[in-house]
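Encoded as structure tokens, the structure appears first; notes follow it.
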Amino acid sequence: MHLVGTDDLALSEDGVLFGWGNGSAQGPDIFAGWAATADAKNFYLPGQTFTMIAAGNAHALAVRPDGTVAGWGDNSGGALDAPPHIRFKAVSAGWGFSIGLSVDGTLWGWGKPFALPNTTDAWTFASEGWTPYDNGKYYYVAGDRFKSIAAGAFHVMALTNAF
């Protein structure tokens with residue numbers, strides 16, 4: 001997975017999360033607290049394993065085997081603050097926001113999407129009809145169940161189980 005700048009992440013077959021780069025593209029060093037490999041060019045997160053990873057414009061997410069989410073990078077809009085009461089099987093990261101697919105197939109969103117360049121129009125989870133949860137800290141799509149998700153800089157896509 002690639003983060004903006006010179007920072008990259010990769011998930012090994014046994015679930016160990018590796019990173020390389022200078023960690024500065026996301027503001028504070030995203031590799032703070034990670035251990036260096038023997039050659040000191042790469043980093044890994046000791047003592048934790050993950051099942052999947054996702055990278056956004058200035059943040060990254062990883063799903064632990066228990067379905068909780070860890071995150072690194074810019075959290076100024078809340079993109080790293082996944083709903084703690086939900087267990088996820090997949091996550092995706094956009095520009096200032098994140099989405100997650102819960103184990104029951106519910107689509108969740110959190111963070112604050114950035115406005116499109118050269119416009120004052122900004123989409124929000126609320127403006128797109130998502131249902132607020134916890135006073136609008138999190139949002140979800142009511143009624144539908146999904147099997148696959150993706151987020152880009154300014155959009156969200158999801159496939160339903162209906163087909």
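Naming works like this for the structure tokens: A, B, ... for the chains as they're shown, residue 1 at the start of each chain, ligands 1 onward in shown order.
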
Close residues, range 14-21 of chain A itself excluded, 8 Å, only C-alpha atoms, min 5 positions apart in chain, as a ChimeraX atom specification | /A:6-9,31,41-46,48-51

Preceding selection exported with N, CA and C atoms as a JSON list (two decimals), in the first residue's frame:
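Dumped to part.json:
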```
[["chain", "number", "residue", "atom", "x", "y", "z"],
["A", 6, "THR", "N", 6.92, 9.38, 0.44],
["A", 6, "THR", "CA", 7.82, 8.25, 0.24],
["A", 6, "THR", "C", 7.53, 7.13, 1.22],
["A", 7, "ASP", "N", 6.33, 7.01, 1.70],
["A", 7, "ASP", "CA", 6.00, 6.03, 2.72],
["A", 7, "ASP", "C", 5.14, 4.93, 2.11],
["A", 8, "ASP", "N", 5.50, 3.69, 2.39],
["A", 8, "ASP", "CA", 4.77, 2.54, 1.89],
["A", 8, "ASP", "C", 4.50, 1.57, 3.01],
["A", 9, "LEU", "N", 3.43, 0.79, 2.86],
["A", 9, "LEU", "CA", 3.09, -0.26, 3.80],
["A", 9, "LEU", "C", 2.88, -1.55, 3.03],
["A", 31, "PHE", "N", 5.87, 6.12, 11.70],
["A", 31, "PHE", "CA", 6.55, 4.92, 12.15],
["A", 31, "PHE", "C", 7.04, 5.03, 13.59],
["A", 41, "LYS", "N", 16.39, -0.13, 7.29],
["A", 41, "LYS", "CA", 15.75, 0.59, 6.20],
["A", 41, "LYS", "C", 14.23, 0.43, 6.22],
["A", 42, "ASN", "N", 13.77, -0.60, 6.90],
["A", 42, "ASN", "CA", 12.34, -0.88, 6.97],
["A", 42, "ASN", "C", 11.92, -0.93, 8.43],
["A", 43, "PHE", "N", 10.63, -0.83, 8.64],
["A", 43, "PHE", "CA", 10.07, -0.87, 9.98],
["A", 43, "PHE", "C", 8.99, -1.93, 10.01],
["A", 44, "TYR", "N", 8.72, -2.45, 11.17],
["A", 44, "TYR", "CA", 7.59, -3.37, 11.34],
["A", 44, "TYR", "C", 6.95, -3.10, 12.69],
["A", 45, "LEU", "N", 5.71, -3.49, 12.81],
["A", 45, "LEU", "CA", 4.97, -3.27, 14.03],
["A", 45, "LEU", "C", 5.03, -4.55, 14.86],
["A", 46, "PRO", "N", 5.87, -4.57, 15.88],
["A", 46, "PRO", "CA", 6.06, -5.81, 16.65],
["A", 46, "PRO", "C", 4.86, -6.15, 17.53],
["A", 48, "GLN", "N", 1.97, -7.38, 16.90],
["A", 48, "GLN", "CA", 0.61, -7.25, 16.38],
["A", 48, "GLN", "C", 0.53, -7.90, 15.00],
["A", 49, "THR", "N", -0.64, -8.43, 14.69],
["A", 49, "THR", "CA", -0.88, -8.93, 13.34],
["A", 49, "THR", "C", -2.17, -8.31, 12.82],
["A", 50, "PHE", "N", -2.31, -8.34, 11.50],
["A", 50, "PHE", "CA", -3.44, -7.72, 10.84],
["A", 50, "PHE", "C", -3.93, -8.62, 9.71],
["A", 51, "THR", "N", -5.16, -8.40, 9.30],
["A", 51, "THR", "CA", -5.75, -9.20, 8.22],
["A", 51, "THR", "C", -5.83, -8.44, 6.91]]
```

What's the 9 Å shell around range 92-100 of chain A, counting only C-alpha atoms, without same-chain residues fewer than 5 positions away, as a PyMOL selection string?
-> chain A and resi 53-61+74-82+106-114+149-156

What separates CA of Gly105 in chain A and CA of Arg145 in chain A is a distance of 4.7 Å

Using only C-alpha atoms, pick whichever of A:Trp130, A:Tyr140, A:Trp123, A:Phe88 has the shortest atom-to-atom distance to Ser102 in chain A.
->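 Closest candidate: A:Phe88.
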